[in-house]
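This is protein_21.pdb (PDB, C-alpha atoms).
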MODEL        1
ATOM      1  CA  MET A 253     -11.414 -33.561 -12.427
ATOM      2  CA  THR A 254      -8.542 -35.919 -11.725
ATOM      3  CA  TYR A 255      -5.404 -34.025 -10.895
ATOM      4  CA  ASN A 256      -2.486 -34.895 -13.167
ATOM      5  CA  GLN A 257       0.744 -33.238 -12.055
ATOM      6  CA  GLN A 258       2.618 -34.009 -15.258
ATOM      7  CA  ARG A 259      -0.116 -32.439 -17.379
ATOM      8  CA  HIS A 260      -0.318 -29.461 -15.032
ATOM      9  CA  VAL A 261       3.399 -28.757 -15.470
ATOM     10  CA  GLN A 262       3.075 -29.169 -19.229
ATOM     11  CA  LEU A 263       0.264 -26.621 -19.367
ATOM     12  CA  LEU A 264       2.112 -24.194 -17.115
ATOM     13  CA  LYS A 265       5.028 -24.278 -19.523
ATOM     14  CA  ARG A 266       2.719 -23.809 -22.514
ATOM     15  CA  SER A 267       1.146 -20.821 -20.797
ATOM     16  CA  GLN A 268       4.587 -19.390 -20.077
ATOM     17  CA  ASP A 269       5.531 -19.758 -23.745
ATOM     18  CA  PHE A 270       2.510 -17.692 -24.764
ATOM     19  CA  ASN A 271       3.329 -15.131 -22.088
ATOM     20  CA  ASN A 272       6.873 -14.818 -23.369
ATOM     21  CA  GLN A 273       5.484 -14.060 -26.810
ATOM     22  CA  GLY A 274       3.243 -11.386 -25.326
ATOM     23  CA  LYS A 275       0.148 -13.415 -26.137
ATOM     24  CA  SER A 276      -2.800 -14.364 -24.004
ATOM     25  CA  PHE A 277      -3.060 -18.103 -23.364
ATOM     26  CA  TYR A 278      -6.762 -17.573 -22.633
ATOM     27  CA  LYS A 279      -7.387 -15.991 -26.013
ATOM     28  CA  GLU A 280      -5.037 -18.155 -28.084
ATOM     29  CA  SER A 281      -5.865 -21.529 -26.607
ATOM     30  CA  PRO A 282      -9.051 -21.309 -24.544
ATOM     31  CA  GLU A 283      -9.486 -25.053 -23.996
ATOM     32  CA  GLU A 284      -5.980 -25.550 -22.659
ATOM     33  CA  SER A 285      -6.310 -22.363 -20.643
ATOM     34  CA  SER A 286      -9.487 -23.690 -19.058
ATOM     35  CA  GLU A 287      -7.795 -26.996 -18.277
ATOM     36  CA  LEU A 288      -4.865 -25.168 -16.697
ATOM     37  CA  SER A 289      -7.274 -23.079 -14.643
ATOM     38  CA  SER A 290      -8.856 -26.191 -13.190
ATOM     39  CA  TYR A 291      -5.446 -27.438 -12.049
ATOM     40  CA  LYS A 292      -4.559 -24.084 -10.528
ATOM     41  CA  VAL A 293      -7.892 -24.000  -8.744
ATOM     42  CA  ALA A 294      -7.201 -27.464  -7.331
ATOM     43  CA  VAL A 295      -3.887 -26.203  -5.926
ATOM     44  CA  GLN A 296      -5.539 -23.154  -4.417
ATOM     45  CA  HIS A 297      -8.283 -25.237  -2.843
ATOM     46  CA  HIS A 298      -5.664 -27.485  -1.322
ATOM     47  CA  LEU A 299      -3.661 -24.596   0.135
ATOM     48  CA  PHE A 300      -6.795 -22.971   1.549
ATOM     49  CA  TRP A 301      -7.891 -26.267   3.021
ATOM     50  CA  GLU A 302      -4.633 -26.352   4.962
ATOM     51  CA  GLN A 303      -5.605 -22.982   6.465
ATOM     52  CA  ARG A 304      -9.109 -24.066   7.460
ATOM     53  CA  PHE A 305      -8.605 -24.083  11.233
ATOM     54  CA  LYS A 306      -6.938 -20.688  11.113
ATOM     55  CA  VAL A 307      -9.934 -19.357   9.162
ATOM     56  CA  SER A 308     -12.341 -20.911  11.636
ATOM     57  CA  LYS A 309     -10.479 -19.314  14.551
ATOM     58  CA  LEU A 310     -10.472 -15.934  12.823
ATOM     59  CA  MET A 311     -14.218 -16.031  12.307
ATOM     60  CA  GLN A 312     -14.817 -17.121  15.884
ATOM     61  CA  ASP A 313     -12.669 -14.260  17.150
ATOM     62  CA  PHE A 314     -14.810 -11.801  15.227
ATOM     63  CA  LEU A 315     -18.131 -13.338  16.199
ATOM     64  CA  ASN A 316     -17.053 -13.500  19.842
ATOM     65  CA  ARG A 317     -16.040  -9.829  19.606
ATOM     66  CA  LYS A 318     -12.412 -10.532  20.418
ATOM     67  CA  ILE A 319     -11.526  -8.476  17.343
ATOM     68  CA  ASN A 320     -13.525  -5.762  15.620
ATOM     69  CA  GLY A 321     -14.709  -5.726  12.024
ATOM     70  CA  GLN A 322     -11.793  -3.649  10.796
ATOM     71  CA  GLU A 323      -9.204  -6.001  12.261
ATOM     72  CA  PHE A 324     -11.153  -9.006  11.036
ATOM     73  CA  CYS A 325     -11.308  -7.767   7.457
ATOM     74  CA  ASP A 326      -7.680  -6.663   7.514
ATOM     75  CA  ARG A 327      -6.805 -10.242   8.419
ATOM     76  CA  VAL A 328      -9.081 -11.613   5.697
ATOM     77  CA  PHE A 329      -7.334  -9.415   3.131
ATOM     78  CA  GLY A 330      -3.975 -10.572   4.473
ATOM     79  CA  LEU A 331      -4.992 -14.205   4.433
ATOM     80  CA  ARG A 332      -6.144 -13.925   0.834
ATOM     81  CA  ARG A 333      -3.000 -12.116  -0.265
ATOM     82  CA  ASN A 334      -0.767 -14.647   1.476
ATOM     83  CA  LEU A 335      -2.686 -17.495  -0.114
ATOM     84  CA  MET A 336      -2.178 -16.017  -3.569
ATOM     85  CA  ILE A 337       1.539 -15.616  -2.893
ATOM     86  CA  ALA A 338       1.731 -19.215  -1.639
ATOM     87  CA  CYS A 339      -0.046 -20.408  -4.791
ATOM     88  CA  ASP A 340       2.392 -18.557  -7.024
ATOM     89  CA  GLN A 341       5.351 -19.969  -5.122
ATOM     90  CA  PHE A 342       3.963 -23.467  -5.298
ATOM     91  CA  LEU A 343       3.512 -23.232  -9.076
ATOM     92  CA  VAL A 344       7.090 -22.016  -9.493
ATOM     93  CA  GLN A 345       8.298 -24.982  -7.475
ATOM     94  CA  LEU A 346       6.106 -27.283  -9.507
ATOM     95  CA  VAL A 347       7.581 -26.132 -12.818
ATOM     96  CA  ALA A 348      11.086 -26.344 -11.350
ATOM     97  CA  GLY A 349      10.476 -30.000 -10.516
ATOM     98  CA  GLU A 350      10.808 -29.380  -6.790
ATOM     99  CA  VAL A 351       7.430 -30.892  -5.938
ATOM    100  CA  LYS A 352       7.094 -34.655  -6.013
ATOM    101  CA  ASP A 353       3.836 -36.577  -6.309
ATOM    102  CA  PHE A 354       1.474 -33.780  -5.376
ATOM    103  CA  GLN A 355      -2.178 -34.654  -5.018
ATOM    104  CA  PRO A 356      -4.683 -32.090  -3.737
ATOM    105  CA  ASP A 357      -6.695 -33.180  -0.736
ATOM    106  CA  PRO A 358     -10.031 -34.308  -2.237
ATOM    107  CA  ARG A 359     -11.886 -32.717   0.683
ATOM    108  CA  SER A 360     -10.504 -29.309  -0.214
ATOM    109  CA  LYS A 361     -13.133 -28.723  -2.911
ATOM    110  CA  LYS A 362     -15.738 -28.482  -0.173
ATOM    111  CA  LEU A 363     -14.591 -24.992   0.764
ATOM    112  CA  SER A 364     -14.599 -23.668  -2.779
ATOM    113  CA  GLY A 365     -15.686 -20.068  -2.957
ATOM    114  CA  PHE A 366     -15.645 -19.458   0.771
ATOM    115  CA  LEU A 367     -12.697 -17.087   0.787
ATOM    116  CA  THR A 368     -14.112 -15.193  -2.186
ATOM    117  CA  GLY A 369     -17.384 -14.680  -0.363
ATOM    118  CA  LEU A 370     -15.553 -13.574   2.755
ATOM    119  CA  PHE A 371     -13.351 -11.181   0.817
ATOM    120  CA  CYS A 372     -16.259  -9.664  -1.103
ATOM    121  CA  TYR A 373     -18.229  -9.065   2.061
ATOM    122  CA  CYS A 374     -15.292  -7.301   3.656
ATOM    123  CA  ASP A 375     -14.754  -5.284   0.492
ATOM    124  CA  ASP A 376     -18.431  -4.370   0.190
ATOM    125  CA  PHE A 377     -18.734  -3.253   3.784
ATOM    126  CA  MET A 378     -15.396  -1.461   3.869
ATOM    127  CA  GLU A 379     -15.239   1.084   6.716
ATOM    128  CA  ASP A 380     -18.769   0.119   7.763
ATOM    129  CA  TYR A 381     -18.383  -3.248   9.447
ATOM    130  CA  GLU A 382     -20.137  -2.574  12.724
ATOM    131  CA  ASN A 383     -23.664  -3.455  11.753
ATOM    132  CA  ASP A 384     -26.003  -6.403  12.112
ATOM    133  CA  GLU A 385     -26.138  -7.163   8.418
ATOM    134  CA  PHE A 386     -22.430  -7.818   8.251
ATOM    135  CA  SER A 387     -22.387  -9.789  11.513
ATOM    136  CA  ASN A 388     -25.343 -11.916  10.449
ATOM    137  CA  ALA A 389     -23.691 -12.754   7.165
ATOM    138  CA  MET A 390     -20.508 -13.757   8.976
ATOM    139  CA  GLN A 391     -22.533 -15.892  11.330
ATOM    140  CA  ASN A 392     -24.222 -17.662   8.416
ATOM    141  CA  GLY A 393     -20.888 -18.140   6.712
ATOM    142  CA  PHE A 394     -19.288 -19.493   9.853
ATOM    143  CA  LEU A 395     -22.084 -22.000  10.451
ATOM    144  CA  ASN A 396     -21.862 -23.228   6.866
ATOM    145  CA  PHE A 397     -18.097 -23.403   7.143
ATOM    146  CA  GLN A 398     -18.250 -25.449  10.344
ATOM    147  CA  LYS A 399     -20.849 -27.722   8.799
ATOM    148  CA  ALA A 400     -18.529 -28.393   5.898
ATOM    149  CA  LEU A 401     -15.632 -29.124   8.249
ATOM    150  CA  ASN A 402     -17.756 -31.414  10.377
ATOM    151  CA  GLU A 403     -18.472 -33.518   7.304
ATOM    152  CA  GLU A 404     -14.803 -34.505   7.260
TER
ATOM    153  CA  MET B1211     -21.969  12.055  -6.049
ATOM    154  CA  LEU B1212     -19.998  13.494  -8.923
ATOM    155  CA  HIS B1213     -16.593  15.128  -8.528
ATOM    156  CA  HIS B1214     -14.624  17.240 -10.957
ATOM    157  CA  HIS B1215     -11.767  14.710 -10.801
ATOM    158  CA  ASP B1216     -13.973  11.815 -11.978
ATOM    159  CA  LYS B1217     -12.532  10.052 -14.989
ATOM    160  CA  ILE B1218     -14.447   8.726 -17.962
ATOM    161  CA  ILE B1219     -13.453   5.551 -19.788
ATOM    162  CA  GLY B1220     -14.767   5.828 -23.307
ATOM    163  CA  VAL B1221     -13.543   3.028 -25.552
ATOM    164  CA  GLU B1222     -15.286   2.444 -28.849
ATOM    165  CA  GLY B1223     -17.439  -0.658 -28.819
ATOM    166  CA  HIS B1224     -17.701  -0.773 -25.036
ATOM    167  CA  PRO B1225     -19.925   0.891 -22.445
ATOM    168  CA  ARG B1226     -18.952   4.346 -21.230
ATOM    169  CA  LEU B1227     -17.692   4.067 -17.658
ATOM    170  CA  ARG B1228     -16.982   6.481 -14.836
ATOM    171  CA  VAL B1229     -14.203   6.138 -12.273
ATOM    172  CA  GLY B1230     -15.505   8.197  -9.400
ATOM    173  CA  PHE B1231     -13.201  10.134  -7.094
ATOM    174  CA  TRP B1232     -15.238   9.404  -3.980
ATOM    175  CA  GLN B1233     -15.482   5.699  -4.627
ATOM    176  CA  SER B1234     -11.750   5.596  -5.322
ATOM    177  CA  ARG B1235     -11.079   7.335  -2.022
ATOM    178  CA  TYR B1236     -13.055   4.587  -0.372
ATOM    179  CA  LYS B1237     -11.037   1.817  -2.058
ATOM    180  CA  VAL B1238      -7.499   3.154  -2.315
ATOM    181  CA  THR B1239      -6.270   2.134   1.129
ATOM    182  CA  ASP B1240      -6.710  -1.581   0.617
ATOM    183  CA  HIS B1241      -6.421  -1.807  -3.174
ATOM    184  CA  GLY B1242      -3.972   0.927  -4.145
ATOM    185  CA  ALA B1243      -1.064  -1.538  -4.096
ATOM    186  CA  LEU B1244      -2.578  -3.403  -7.044
ATOM    187  CA  HIS B1245      -2.264  -0.263  -9.110
ATOM    188  CA  GLY B1246       1.401   0.335  -8.507
ATOM    189  CA  LEU B1247       1.052   2.723  -5.582
ATOM    190  CA  SER B1248       3.437   2.590  -2.670
ATOM    191  CA  TYR B1249       2.176   0.535   0.222
ATOM    192  CA  SER B1250       3.167  -1.016   3.499
ATOM    193  CA  VAL B1251       2.493  -4.614   4.452
ATOM    194  CA  LYS B1252       0.598  -4.894   7.683
ATOM    195  CA  ASN B1253       1.326  -7.496  10.342
ATOM    196  CA  ASN B1254      -1.646  -9.519   9.177
ATOM    197  CA  GLY B1255      -0.354  -9.645   5.599
ATOM    198  CA  GLY B1256      -2.668  -7.078   4.053
ATOM    199  CA  THR B1257      -1.440  -3.957   2.305
ATOM    200  CA  LYS B1258      -2.093  -0.352   3.125
ATOM    201  CA  THR B1259      -1.745   2.619   0.811
ATOM    202  CA  GLU B1260      -1.908   6.091   2.230
ATOM    203  CA  LYS B1261      -5.225   7.738   1.492
ATOM    204  CA  SER B1262      -4.681  11.111  -0.142
ATOM    205  CA  ASP B1263      -5.799  13.035  -3.189
ATOM    206  CA  ASP B1264      -2.581  12.028  -4.946
ATOM    207  CA  THR B1265      -2.962   8.291  -4.349
ATOM    208  CA  GLU B1266      -6.650   8.379  -5.253
ATOM    209  CA  LEU B1267      -5.937  10.174  -8.495
ATOM    210  CA  ALA B1268      -3.086   7.786  -9.288
ATOM    211  CA  MET B1269      -5.326   4.761  -8.763
ATOM    212  CA  MET B1270      -8.024   6.343 -10.892
ATOM    213  CA  GLN B1271      -5.487   6.982 -13.631
ATOM    214  CA  SER B1272      -4.349   3.360 -13.470
ATOM    215  CA  ILE B1273      -7.935   2.144 -13.801
ATOM    216  CA  GLU B1274      -8.589   4.557 -16.652
ATOM    217  CA  ASP B1275      -5.540   3.129 -18.434
ATOM    218  CA  MET B1276      -6.514  -0.520 -17.930
ATOM    219  CA  PRO B1277      -8.251  -0.943 -21.317
ATOM    220  CA  HIS B1278      -4.951  -0.090 -23.009
ATOM    221  CA  ARG B1279      -2.942  -2.802 -21.282
ATOM    222  CA  THR B1280      -1.676  -5.529 -23.601
ATOM    223  CA  LYS B1281      -3.713  -8.311 -22.046
ATOM    224  CA  ALA B1282      -6.791  -6.345 -21.096
ATOM    225  CA  ILE B1283     -10.044  -8.223 -21.528
ATOM    226  CA  TRP B1284     -13.457  -6.581 -21.465
ATOM    227  CA  PHE B1285     -16.319  -8.478 -19.929
ATOM    228  CA  ASP B1286     -19.338  -6.468 -20.998
ATOM    229  CA  GLN B1287     -21.610  -9.123 -22.442
ATOM    230  CA  ASP B1288     -25.260  -9.281 -21.430
ATOM    231  CA  ASP B1289     -24.713 -12.076 -18.908
ATOM    232  CA  VAL B1290     -21.891 -10.461 -16.909
ATOM    233  CA  THR B1291     -22.668 -10.169 -13.201
ATOM    234  CA  TYR B1292     -20.871  -9.366  -9.967
ATOM    235  CA  GLN B1293     -21.811 -11.571  -7.015
ATOM    236  CA  GLY B1294     -24.407 -13.209  -9.213
ATOM    237  CA  GLU B1295     -26.717 -15.823  -7.757
ATOM    238  CA  THR B1296     -26.854 -13.914  -4.481
ATOM    239  CA  ASP B1297     -29.311 -11.236  -3.446
ATOM    240  CA  ARG B1298     -26.398  -8.809  -3.624
ATOM    241  CA  GLY B1299     -25.647  -9.443  -7.278
ATOM    242  CA  PHE B1300     -25.954  -6.930 -10.097
ATOM    243  CA  PRO B1301     -25.175  -6.727 -13.827
ATOM    244  CA  ALA B1302     -21.601  -5.602 -14.208
ATOM    245  CA  VAL B1303     -18.883  -4.598 -16.612
ATOM    246  CA  TYR B1304     -15.358  -5.760 -15.957
ATOM    247  CA  ILE B1305     -12.027  -4.667 -17.283
ATOM    248  CA  PHE B1306      -9.641  -7.502 -16.495
ATOM    249  CA  ASP B1307      -5.882  -7.491 -16.923
ATOM    250  CA  ASP B1308      -5.063 -11.097 -17.751
ATOM    251  CA  ASP B1309      -1.401 -10.442 -17.020
ATOM    252  CA  THR B1310      -1.625  -9.113 -13.466
ATOM    253  CA  LYS B1311      -5.114 -10.567 -12.802
ATOM    254  CA  VAL B1312      -6.249  -7.167 -11.568
ATOM    255  CA  ILE B1313      -9.867  -6.398 -12.273
ATOM    256  CA  ALA B1314     -11.964  -3.236 -12.179
ATOM    257  CA  VAL B1315     -15.644  -3.733 -11.439
ATOM    258  CA  PHE B1316     -18.315  -1.347 -12.728
ATOM    259  CA  ASN B1317     -22.050  -1.304 -12.268
ATOM    260  CA  LYS B1318     -23.507  -1.850 -15.708
ATOM    261  CA  GLN B1319     -26.643   0.153 -15.017
ATOM    262  CA  THR B1320     -24.875   3.303 -13.890
ATOM    263  CA  GLY B1321     -21.465   2.787 -15.475
ATOM    264  CA  ASN B1322     -19.881   3.706 -12.151
ATOM    265  CA  PHE B1323     -16.738   2.191 -10.678
ATOM    266  CA  VAL B1324     -17.475  -0.127  -7.775
ATOM    267  CA  THR B1325     -14.258  -1.815  -6.727
ATOM    268  CA  THR B1326     -10.977  -3.283  -7.863
ATOM    269  CA  CYS B1327      -9.039  -6.309  -6.714
ATOM    270  CA  GLN B1328      -6.725  -9.055  -7.865
ATOM    271  CA  LEU B1329      -8.520 -12.267  -8.714
ATOM    272  CA  ASP B1330      -7.325 -15.497  -7.217
ATOM    273  CA  ARG B1331      -7.202 -18.722  -9.290
ATOM    274  CA  ASN B1332     -10.703 -19.762  -8.393
ATOM    275  CA  GLU B1333     -12.207 -16.375  -9.188
ATOM    276  CA  GLU B1334     -10.350 -16.098 -12.478
ATOM    277  CA  ALA B1335     -11.594 -19.510 -13.560
ATOM    278  CA  GLU B1336     -15.131 -18.638 -12.505
ATOM    279  CA  LEU B1337     -15.047 -15.311 -14.326
ATOM    280  CA  LYS B1338     -13.793 -16.797 -17.576
ATOM    281  CA  ALA B1339     -16.218 -19.707 -17.467
ATOM    282  CA  THR B1340     -19.358 -17.946 -16.256
ATOM    283  CA  HIS B1341     -18.787 -14.175 -16.622
ATOM    284  CA  ASN B1342     -19.445 -13.845 -12.916
ATOM    285  CA  PHE B1343     -17.404 -13.805  -9.729
ATOM    286  CA  GLY B1344     -17.735 -12.817  -6.121
ATOM    287  CA  GLY B1345     -20.888 -14.687  -5.187
ATOM    288  CA  GLY B1346     -19.066 -16.929  -2.778
ATOM    289  CA  GLU B1347     -21.016 -19.952  -3.985
ATOM    290  CA  GLY B1348     -23.798 -19.503  -1.448
ATOM    291  CA  TRP B1349     -21.730 -19.473   1.729
ATOM    292  CA  PHE B1350     -23.095 -16.111   2.794
ATOM    293  CA  SER B1351     -26.275 -14.171   2.289
ATOM    294  CA  GLY B1352     -27.204 -10.524   2.743
ATOM    295  CA  LYS B1353     -27.728  -7.266   0.990
ATOM    296  CA  VAL B1354     -25.163  -5.269  -0.929
ATOM    297  CA  ASN B1355     -23.637  -2.268   0.760
ATOM    298  CA  ASN B1356     -20.860  -1.447  -1.636
ATOM    299  CA  PHE B1357     -20.826   2.302  -1.486
ATOM    300  CA  PRO B1358     -18.904   4.758   0.654
ATOM    301  CA  PRO B1359     -19.979   4.904   4.274
ATOM    302  CA  LYS B1360     -22.377   7.698   4.943
ATOM    303  CA  GLY B1361     -19.729   9.602   6.882
ATOM    304  CA  ILE B1362     -18.077  10.593   3.622
ATOM    305  CA  THR B1363     -21.156  12.426   2.407
ATOM    306  CA  PRO B1364     -21.967  15.367   4.652
ATOM    307  CA  ILE B1365     -25.313  14.692   6.257
ATOM    308  CA  ASN B1366     -25.699  18.206   7.580
ATOM    309  CA  SER B1367     -27.651  20.305   5.190
ATOM    310  CA  PHE B1368     -30.017  23.201   5.130
ATOM    311  CA  GLU B1369     -32.957  20.864   4.694
ATOM    312  CA  ASN B1370     -31.873  18.658   7.565
ATOM    313  CA  ASP B1371     -30.726  21.276  10.048
ATOM    314  CA  VAL B1372     -33.176  24.081   9.389
ATOM    315  CA  MET B1373     -36.241  22.569   7.797
ATOM    316  CA  GLY B1374     -36.171  19.208   9.531
ATOM    317  CA  ILE B1375     -36.290  17.316   6.246
ATOM    318  CA  THR B1376     -33.904  14.426   5.823
ATOM    319  CA  PRO B1377     -32.372  14.647   2.360
ATOM    320  CA  VAL B1378     -32.667  11.488   0.311
ATOM    321  CA  ASP B1379     -29.289  10.076  -0.578
ATOM    322  CA  ASP B1380     -28.412   7.816  -3.501
ATOM    323  CA  SER B1381     -28.360   4.704  -1.359
ATOM    324  CA  GLN B1382     -32.017   5.162  -0.511
ATOM    325  CA  ILE B1383     -32.996   5.544  -4.133
ATOM    326  CA  ASP B1384     -30.915   2.831  -5.708
ATOM    327  CA  ASN B1385     -29.381   0.092  -3.644
ATOM    328  CA  SER B1386     -27.851  -1.706  -6.594
ATOM    329  CA  ASN B1387     -24.474  -0.008  -6.208
ATOM    330  CA  ASN B1388     -22.863   3.068  -7.604
TER
ENDMDL
END
Kindly present the structure from the file in structure tokens form.
Amino acid sequence: MTYNQQRHVQLLKRSQDFNNQGKSFYKESPEESSELSSYKVAVQHHLFWEQRFKVSKLMQDFLNRKINGQEFCDRVFGLRRNLMIACDQFLVQLVAGEVKDFQPDPRSKKLSGFLTGLFCYCDDFMEDYENDEFSNAMQNGFLNFQKALNEE
Amino acid sequence: MLHHHDKIIGVEGHPRLRVGFWQSRYKVTDHGALHGLSYSVKNNGGTKTEKSDDTELAMMQSIEDMPHRTKAIWFDQDDVTYQGETDRGFPAVYIFDDDTKVIAVFNKQTGNFVTTCQLDRNEEAELKATHNFGGGEGWFSGKVNNFPPKGITPINSFENDVMGITPVDDSQIDNSNN
């Protein structure tokens, strides 16, 4: 997908129009909704990409036992929540015309799905983080994450 | 394990689902905020809702009411999965609020509530396109463990303490979630 800021703003406004009418953009106009989703995903990928070193540090801290599983997952939940808030704020700024010539970093797609996987593991193992299965999964994830970053 | 406060979601044309009290207790601390419960924001940005019977019941009520929200979407087709394409995946039923992006996840086989969260942009797009989310696109691997820690279920029992027999718990019978 080639990111087109003008089209993204247009679709955001269309979606807002449907929302204001109490209608679902997804149900009423699935093709446009899907197109809008791909733009939103591109923004999210970009914002997560900007956090990549922070994520790497967080995982290292857990694997090196500087923080325990509870603290680690609390931070993952916080990171995810903050990212969603940042995405929402960015889209508001985009519609308001406060963002000029945005282009997502093309490398950002490489980390697609990583945060979801991380979040789901933490959610699955809630209150039961101190076991090898969880640690091994985090180790695998971290190695794959580093590999992706090293391809930069 | 059943509880007298468990709630049943019975909507015509959709699978019958159960919102379990114990599973809700397990999830309310981190996910209660998504269901309108009071919460504090921790230093690391996450939210925390006090775990109590009242908050658990309120979250359960919110989940029970989800099908009646204006922009509620059921995902209960044959191909719906949670964490599909991983060895932790299972067939699922979702109730998704397209307004708030909050989702409730149920195990299709048992009908039991598993978890709830707010989908991010990537997850929402994946769900709508593929009827799956949560797999993490192969970054991680492992086995599902999405049920309350064993500490919640009393392990002391007559069989265990007196007869020396370890009672079989649900997790040993069926490891495909609640």
Which residues would end up in the selection if the ChimeraX specification (/B :<9) & /A were applied here, given that I need the answer as a PyMOL selection string? chain A and resi 271+274-276+278+286+289-290+292-297+323+326-336+339+364-373+375-380+385-386+388-394+396-397
Take the PyMOL selection byres ((chain A and resi 263) around 12), apply it to the structure above, and return the hits as number ranges by chain. A: 256-262, 264-270, 277-278, 281-292, 343, 346-347
Spatial neighbours of Leu363 of chain A, 9 Å, all atoms listed in the file, chain gap at least 5 places, as a PyMOL selection string: chain A and resi 297+300-301+304+397+400-401
Please identify all polymer residues lying at most 8 Å from the point (-15.1, -7.9, 10.3) (file coordinates), using only C-alpha atoms, and present the result as a list in words. Phe314, Ile319, Asn320, Gly321, Gln322, Glu323, Phe324, Cys325, Cys374, Tyr381, Glu382, Phe386 and Ser387 of chain A
In Å to one decimal, how far is atom CA of Met1269 of chain B from atom CA of Gly1246 of chain B?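 Computing it gives 8.1 Å between the two atoms.
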Could you expand the PyMOL selection byres ((chain B and resi 1225) around 10) into the explicit residues it covers here, written as a CSV table (one decimal) with C-alpha atoms, in the coordinates of the input?
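Output file expr20.csv is given in full below:
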chain,number,residue,atom,x,y,z
B,1219,ILE,CA,-13.5,5.6,-19.8
B,1220,GLY,CA,-14.8,5.8,-23.3
B,1221,VAL,CA,-13.5,3.0,-25.6
B,1222,GLU,CA,-15.3,2.4,-28.8
B,1223,GLY,CA,-17.4,-0.7,-28.8
B,1224,HIS,CA,-17.7,-0.8,-25.0
B,1226,ARG,CA,-19.0,4.3,-21.2
B,1227,LEU,CA,-17.7,4.1,-17.7
B,1228,ARG,CA,-17.0,6.5,-14.8
B,1284,TRP,CA,-13.5,-6.6,-21.5
B,1286,ASP,CA,-19.3,-6.5,-21.0
B,1303,VAL,CA,-18.9,-4.6,-16.6
B,1318,LYS,CA,-23.5,-1.8,-15.7
B,1321,GLY,CA,-21.5,2.8,-15.5
What's the separation between atom CA of Gly1294 of chain B and atom CA of Asp340 of chain A, in Å to one decimal place? 27.4 Å
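Distances from B:Ser1250, B:His1213, B:Arg1279, B:Arg1235 to Ser1262 of chain B were compared using all atoms listed in the file, and the smallest one belongs to B:Arg1235.
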If I take atom CA of Ile1218 of chain B and atom CA of Glu1274 of chain B, how far is one from the other in Å, to one decimal?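 For atom CA of Ile1218 of chain B relative to atom CA of Glu1274 of chain B, the distance reads 7.3 Å.
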Compare B:Val1238, B:Leu1244, B:Ile1273, B:Leu1267 by their minimum atom-to-atom distance to Ala1314 of chain B, counting only C-alpha atoms, and give me the closest one.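 Among the listed residues, the smallest separation from Ala1314 of chain B belongs to B:Ile1273.
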Six-sided padding of 6 Å per side, axis-aligned box over segment 1270-1282 of chain B, centre and edges in Å, one decimal, as AutoDock Vina command-line options:
--center_x -5.1 --center_y -0.7 --center_z -17.2 --size_x 18.9 --size_y 27.3 --size_z 24.7
